[in-house]
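To start, the structure itself, in structure tokens.
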Amino acid sequence: MLTTTTIKVLEPGELDDALAVLDRDPVANAFVAARVQVAGLDPWRLGGEMWGWYVDGRLESLCYAGANLVPVCATQEAVRGFAERARRQGRRCSSIVGPAGPTAELWSLLEPHWGAAREVRRHQPLMVTSTPATEVTPDPGVRRIRKNEMDVIMPACVAMFTEEVGISPMAGDGGLLYQARVAELVGAGRSFARIEDGKVVFKAEIGAATPKACQIQGVWVDPDHRGKGLSETGMAAVLRYALSDVAPVVSLYVNDFNTAARASYRRVGFEEVGAFMSVLF
């Protein structure tokens with residue numbers, strides 16, 4: 001029998017089918033799953049289109065196409081389909097990010113048409129745990145940021161983003177979108193920090209969150225306080241909040257060249273289970 005394949009933008013009525021695909025790997029798909037569970041599939045609410053790859057009429061793979069281009073449970077054939085659609089559309093995203101294998105294949109097909117990226121991080125270990133830290137005592141000074149503390153947390157968030165990505169989030173729109181995202185996490189009770197003398201010395205957020213898994217992001221220690229173990233005790237505290245209040249599985253991904261961070265996360269109890277890849281424009 002001849003297999004038929006097609007690719008199209010998912011419609012709101014296909015939400016259950018999309019969630020079923022996302023549920024195949026709740027950890028790796030946490031970012032996209034969290035957005036879909038909150039916003040559905042309407043592009044205006046979702047912040048981008050959800051492309052679907054169908055085999056004999058059955059939805060097999062997804063690709064979120066918004067500010068990020070994110071392949072989801074993408075087979076090699078699906079990746080080729082997503083790459084062709086992205087090539088015809090032209091680059092609209094600021095990054096491509098996802099599981100290392102499909103993301104690498106997607107980028108290899110797009111690079112000849114889109115040109116060189118600003119930076120390619122081909123191997124970012126994905127780390128996971130489902131238990132509180134046993135060898136590191138959580139820092140009792142790490143707490144949720146309150147809504148009236150935006151002016152305290154924002155400088156640390158900007159410093160973290162600039163250090164991690166290489167450009168300031170205040171560029172372009174003056175930081176309006178970035179500030180809105182920080183405010184969203186603060187309002188949701190998913191922004192945490194240790195504050196000393198009115199200054200953030202450690203911070204992290206629980207970014208993507210679903211009932212099955214959540215992802216810690218934005219881990220940062222003030223340069224003047226590095227080497228004191230704050231990343232470990234701080235992460236142990238955030239992990240405790242995440243497991244008790246958000247989801248039974250907690251993940252993060254980290255640059256492979258950041259050996260100190262990887263070692264710290266292992267001491268807190270995280271284990272490497274796979275790898276992500278990021279292409280930054």
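In the structure tokens, the first chain shown is A, the next is B, and so on; residue numbers restart at 1 for each chain, and ligands run from 1 in the order shown.
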Excluding same-chain residues fewer than 6 positions from A:Glu164, what lies within 12 Å of it counting only C-alpha atoms, as an MDAnalysis selection string?
chainID A and resid 119 121 157:158 217:220 254:255 258 280
DSSP strand (DSSP E or B) residues within stretch 117-240 of chain A, listed as an MDAnalysis selection string:
chainID A and resid 119:129 143:144 191:196 199:209 214:221
Put those residues in a file: N, CA and C atoms, as a short mmCIF file (atom, residue, chain, number, x, y, z; two decimals), in the first residue's frame.
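Below you can see result00.cif, which holds the result:
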data_model
loop_
_atom_site.label_atom_id
_atom_site.label_comp_id
_atom_site.auth_asym_id
_atom_site.auth_seq_id
_atom_site.Cartn_x
_atom_site.Cartn_y
_atom_site.Cartn_z
N GLU A 119 25.29 31.54 16.69
CA GLU A 119 25.97 30.54 17.51
C GLU A 119 25.18 29.23 17.42
N VAL A 120 25.90 28.11 17.42
CA VAL A 120 25.29 26.79 17.42
C VAL A 120 25.82 26.01 18.61
N ARG A 121 24.92 25.57 19.48
CA ARG A 121 25.29 24.75 20.64
C ARG A 121 24.73 23.36 20.40
N ARG A 122 25.60 22.49 19.92
CA ARG A 122 25.15 21.20 19.38
C ARG A 122 24.84 20.17 20.46
N HIS A 123 25.41 20.32 21.62
CA HIS A 123 25.19 19.28 22.64
C HIS A 123 24.97 19.95 23.99
N GLN A 124 23.71 19.99 24.42
CA GLN A 124 23.35 20.56 25.71
C GLN A 124 22.68 19.46 26.54
N PRO A 125 23.42 18.85 27.46
CA PRO A 125 22.87 17.74 28.22
C PRO A 125 21.52 18.06 28.86
N LEU A 126 20.58 17.14 28.70
CA LEU A 126 19.27 17.23 29.35
C LEU A 126 19.36 16.44 30.65
N MET A 127 19.08 17.10 31.77
CA MET A 127 19.24 16.48 33.08
C MET A 127 17.90 16.42 33.80
N VAL A 128 17.67 15.34 34.51
CA VAL A 128 16.35 15.08 35.10
C VAL A 128 16.50 14.49 36.50
N THR A 129 15.54 14.81 37.36
CA THR A 129 15.42 14.14 38.65
C THR A 129 13.97 14.14 39.09
N ARG A 143 13.76 31.99 48.22
CA ARG A 143 12.30 32.09 48.35
C ARG A 143 11.68 32.60 47.05
N ARG A 144 10.35 32.55 47.01
CA ARG A 144 9.63 33.10 45.85
C ARG A 144 9.77 34.62 45.81
N SER A 191 9.34 32.18 40.22
CA SER A 191 10.62 32.88 40.21
C SER A 191 11.18 32.86 41.63
N PHE A 192 12.45 32.45 41.78
CA PHE A 192 13.04 32.24 43.09
C PHE A 192 14.39 32.93 43.18
N ALA A 193 14.73 33.40 44.37
CA ALA A 193 16.03 34.06 44.54
C ALA A 193 16.43 34.11 46.00
N ARG A 194 17.71 34.28 46.20
CA ARG A 194 18.26 34.65 47.50
C ARG A 194 18.69 36.11 47.38
N ILE A 195 18.20 36.94 48.27
CA ILE A 195 18.47 38.37 48.21
C ILE A 195 19.22 38.79 49.47
N GLU A 196 20.35 39.47 49.26
CA GLU A 196 21.14 39.98 50.37
C GLU A 196 21.36 41.48 50.19
N LYS A 199 20.03 42.94 47.02
CA LYS A 199 20.61 42.50 45.75
C LYS A 199 20.49 41.00 45.60
N VAL A 200 20.14 40.55 44.41
CA VAL A 200 20.02 39.12 44.13
C VAL A 200 21.41 38.50 44.03
N VAL A 201 21.65 37.44 44.81
CA VAL A 201 22.94 36.75 44.72
C VAL A 201 22.79 35.37 44.07
N PHE A 202 21.57 34.83 44.08
CA PHE A 202 21.25 33.59 43.36
C PHE A 202 19.83 33.71 42.87
N LYS A 203 19.58 33.19 41.65
CA LYS A 203 18.21 33.16 41.15
C LYS A 203 18.02 31.99 40.19
N ALA A 204 16.77 31.59 40.04
CA ALA A 204 16.39 30.58 39.06
C ALA A 204 14.88 30.64 38.93
N GLU A 205 14.38 30.14 37.81
CA GLU A 205 12.93 30.08 37.59
C GLU A 205 12.51 28.68 37.21
N ILE A 206 11.27 28.37 37.49
CA ILE A 206 10.64 27.19 36.91
C ILE A 206 9.90 27.71 35.68
N GLY A 207 10.45 27.44 34.51
CA GLY A 207 9.89 27.99 33.28
C GLY A 207 8.70 27.20 32.81
N ALA A 208 8.93 26.29 31.87
CA ALA A 208 7.85 25.43 31.37
C ALA A 208 7.35 24.53 32.49
N ALA A 209 6.03 24.39 32.59
CA ALA A 209 5.46 23.55 33.64
C ALA A 209 4.18 22.91 33.17
N CYS A 214 8.34 19.67 34.73
CA CYS A 214 8.65 21.10 34.65
C CYS A 214 10.14 21.27 34.39
N GLN A 215 10.52 22.48 34.02
CA GLN A 215 11.89 22.74 33.60
C GLN A 215 12.44 23.96 34.33
N ILE A 216 13.55 23.79 35.01
CA ILE A 216 14.23 24.91 35.67
C ILE A 216 15.09 25.64 34.64
N GLN A 217 15.07 26.95 34.71
CA GLN A 217 15.82 27.77 33.75
C GLN A 217 16.40 28.99 34.47
N GLY A 218 17.23 29.71 33.75
CA GLY A 218 17.71 31.01 34.24
C GLY A 218 18.52 30.95 35.52
N VAL A 219 19.26 29.85 35.73
CA VAL A 219 20.06 29.73 36.95
C VAL A 219 21.24 30.70 36.87
N TRP A 220 21.40 31.50 37.91
CA TRP A 220 22.44 32.54 37.88
C TRP A 220 22.92 32.85 39.29
N VAL A 221 24.23 33.02 39.43
CA VAL A 221 24.83 33.45 40.69
C VAL A 221 25.60 34.73 40.42
#
A:Thr137 environment, 9 Å, only C-alpha atoms, sequence neighbours closer than 3 positions dropped, as number ranges by chain
A: 133-134, 140, 232-234, 236-237, 268
Can I get the selected residues back with all heavy atoms, as a CSV table (one decimal), in the first residue's frame?
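Result file selection.csv:
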chain,number,residue,atom,x,y,z
A,133,ALA,N,17.0,16.8,46.7
A,133,ALA,CA,18.4,16.6,46.9
A,133,ALA,C,18.7,15.9,48.2
A,133,ALA,O,18.0,16.2,49.2
A,133,ALA,CB,19.1,18.0,46.9
A,134,THR,N,19.6,14.9,48.2
A,134,THR,CA,19.9,14.2,49.5
A,134,THR,C,21.3,14.5,50.0
A,134,THR,O,21.6,14.4,51.2
A,134,THR,CB,19.9,12.7,49.2
A,134,THR,OG1,20.7,12.3,48.1
A,134,THR,CG2,18.4,12.3,48.8
A,140,PRO,N,17.9,27.9,52.9
A,140,PRO,CA,16.6,28.4,53.5
A,140,PRO,C,16.3,29.9,53.1
A,140,PRO,O,15.2,30.4,53.2
A,140,PRO,CB,16.8,28.3,55.0
A,140,PRO,CG,18.3,28.3,55.2
A,140,PRO,CD,18.9,27.6,54.0
A,232,GLU,N,24.5,25.2,44.2
A,232,GLU,CA,24.1,23.9,44.6
A,232,GLU,C,23.0,24.0,45.7
A,232,GLU,O,21.9,23.4,45.6
A,232,GLU,CB,25.2,23.1,45.2
A,232,GLU,CG,26.3,22.8,44.2
A,232,GLU,CD,27.4,22.0,44.8
A,232,GLU,OE1,27.3,21.5,45.9
A,232,GLU,OE2,28.5,21.9,44.1
A,233,THR,N,23.2,24.8,46.7
A,233,THR,CA,22.2,25.0,47.8
A,233,THR,C,20.9,25.7,47.2
A,233,THR,O,19.8,25.4,47.6
A,233,THR,CB,22.7,25.7,49.0
A,233,THR,OG1,23.2,27.0,48.5
A,233,THR,CG2,23.9,25.0,49.6
A,234,GLY,N,21.2,26.6,46.3
A,234,GLY,CA,20.0,27.3,45.7
A,234,GLY,C,19.2,26.4,44.8
A,234,GLY,O,18.0,26.4,44.9
A,236,ALA,N,19.0,23.2,45.1
A,236,ALA,CA,18.3,22.2,46.0
A,236,ALA,C,17.0,22.8,46.5
A,236,ALA,O,16.0,22.1,46.6
A,236,ALA,CB,19.3,21.8,47.1
A,237,ALA,N,17.1,24.1,46.8
A,237,ALA,CA,15.9,24.8,47.3
A,237,ALA,C,14.8,24.9,46.2
A,237,ALA,O,13.6,24.6,46.4
A,237,ALA,CB,16.2,26.2,47.8
A,268,VAL,N,23.3,17.8,43.1
A,268,VAL,CA,21.9,18.1,43.6
A,268,VAL,C,21.0,16.9,43.3
A,268,VAL,O,20.0,16.7,44.0
A,268,VAL,CB,21.4,19.4,43.0
A,268,VAL,CG1,19.9,19.6,43.4
A,268,VAL,CG2,22.2,20.6,43.4
Would you mind listing what lies within 9 Å of stretch 24-36 of chain A as a VMD selection string, with only C-alpha atoms counted and same-chain residues fewer than 2 positions away left out?
chain A and resid 15 18 to 22 38 to 41 46 to 47 64 70 72 to 73 98 to 99 126 128 207 to 210 212 to 215 249 to 251 274 276
So what do you get for atom CA of A:Thr131 versus atom CA of A:Gly269, distance-wise?
7.5 Å
Residues at most 9 Å from A:Arg87, counting only C-alpha atoms, excluding those fewer than 5 positions away in the same chain, as a PDB file with all heavy atoms, in the first residue's frame?
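Output below, filename out_8.pdb:
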ATOM      1  N   PHE A  82       9.220  19.611   7.693  1.00  0.00           N
ATOM      2  CA  PHE A  82       9.247  20.862   8.442  1.00  0.00           C
ATOM      3  C   PHE A  82      10.296  21.812   7.880  1.00  0.00           C
ATOM      4  O   PHE A  82      10.078  23.026   7.796  1.00  0.00           O
ATOM      5  CB  PHE A  82       9.533  20.579   9.919  1.00  0.00           C
ATOM      6  CG  PHE A  82       8.453  19.797  10.622  1.00  0.00           C
ATOM      7  CD1 PHE A  82       8.781  18.876  11.607  1.00  0.00           C
ATOM      8  CD2 PHE A  82       7.112  19.989  10.306  1.00  0.00           C
ATOM      9  CE1 PHE A  82       7.787  18.154  12.265  1.00  0.00           C
ATOM     10  CE2 PHE A  82       6.109  19.263  10.952  1.00  0.00           C
ATOM     11  CZ  PHE A  82       6.450  18.358  11.940  1.00  0.00           C
ATOM     12  N   LEU A 109      19.441  21.137   7.048  1.00  0.00           N
ATOM     13  CA  LEU A 109      18.626  21.387   5.862  1.00  0.00           C
ATOM     14  C   LEU A 109      18.326  22.868   5.670  1.00  0.00           C
ATOM     15  O   LEU A 109      18.119  23.320   4.535  1.00  0.00           O
ATOM     16  CB  LEU A 109      17.317  20.603   5.969  1.00  0.00           C
ATOM     17  CG  LEU A 109      17.459  19.069   5.964  1.00  0.00           C
ATOM     18  CD1 LEU A 109      16.132  18.412   6.321  1.00  0.00           C
ATOM     19  CD2 LEU A 109      17.949  18.579   4.614  1.00  0.00           C
ATOM     20  N   LEU A 110      18.313  23.631   6.755  1.00  0.00           N
ATOM     21  CA  LEU A 110      17.967  25.047   6.664  1.00  0.00           C
ATOM     22  C   LEU A 110      19.175  25.961   6.482  1.00  0.00           C
ATOM     23  O   LEU A 110      19.062  27.020   5.861  1.00  0.00           O
ATOM     24  CB  LEU A 110      17.193  25.477   7.915  1.00  0.00           C
ATOM     25  CG  LEU A 110      15.762  24.962   8.028  1.00  0.00           C
ATOM     26  CD1 LEU A 110      15.173  25.314   9.391  1.00  0.00           C
ATOM     27  CD2 LEU A 110      14.887  25.534   6.912  1.00  0.00           C
ATOM     28  N   HIS A 113      20.065  27.692   3.212  1.00  0.00           N
ATOM     29  CA  HIS A 113      19.105  28.700   2.744  1.00  0.00           C
ATOM     30  C   HIS A 113      19.029  29.907   3.678  1.00  0.00           C
ATOM     31  O   HIS A 113      18.830  31.031   3.223  1.00  0.00           O
ATOM     32  CB  HIS A 113      17.718  28.069   2.618  1.00  0.00           C
ATOM     33  CG  HIS A 113      17.696  26.835   1.771  1.00  0.00           C
ATOM     34  ND1 HIS A 113      17.721  26.880   0.383  1.00  0.00           N
ATOM     35  CD2 HIS A 113      17.691  25.520   2.105  1.00  0.00           C
ATOM     36  CE1 HIS A 113      17.717  25.647  -0.096  1.00  0.00           C
ATOM     37  NE2 HIS A 113      17.697  24.806   0.921  1.00  0.00           N
ATOM     38  N   TRP A 114      19.187  29.679   4.974  1.00  0.00           N
ATOM     39  CA  TRP A 114      19.070  30.765   5.946  1.00  0.00           C
ATOM     40  C   TRP A 114      20.395  31.444   6.242  1.00  0.00           C
ATOM     41  O   TRP A 114      20.434  32.542   6.773  1.00  0.00           O
ATOM     42  CB  TRP A 114      18.487  30.229   7.251  1.00  0.00           C
ATOM     43  CG  TRP A 114      17.008  29.980   7.181  1.00  0.00           C
ATOM     44  CD1 TRP A 114      16.203  30.053   6.078  1.00  0.00           C
ATOM     45  CD2 TRP A 114      16.148  29.606   8.273  1.00  0.00           C
ATOM     46  NE1 TRP A 114      14.900  29.756   6.405  1.00  0.00           N
ATOM     47  CE2 TRP A 114      14.841  29.481   7.749  1.00  0.00           C
ATOM     48  CE3 TRP A 114      16.363  29.367   9.622  1.00  0.00           C
ATOM     49  CZ2 TRP A 114      13.754  29.128   8.548  1.00  0.00           C
ATOM     50  CZ3 TRP A 114      15.280  29.020  10.418  1.00  0.00           C
ATOM     51  CH2 TRP A 114      13.994  28.907   9.886  1.00  0.00           C
TER      52      TRP A 114
END
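Of the listed residues (A:Val97, A:Met154, A:Met235, A:Ala104), A:Met235 comes nearest to A:Ala261; the distances count only C-alpha atoms.
Atom pair atom CA of A:Glu60 / atom CA of A:Ala100: separated by 18.7 Å.
Take atom CA of A:Thr4 and atom CA of A:Arg58: the distance between them is 10.0 Å.
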Mind checking DSSP for stretch 17-180 of chain A and telling me the helix (DSSP H, G or I) residues as a PyMOL selection string?
chain A and resi 17-22+30-39+43-46+76-89+100-114+147-165+171-174+176-180
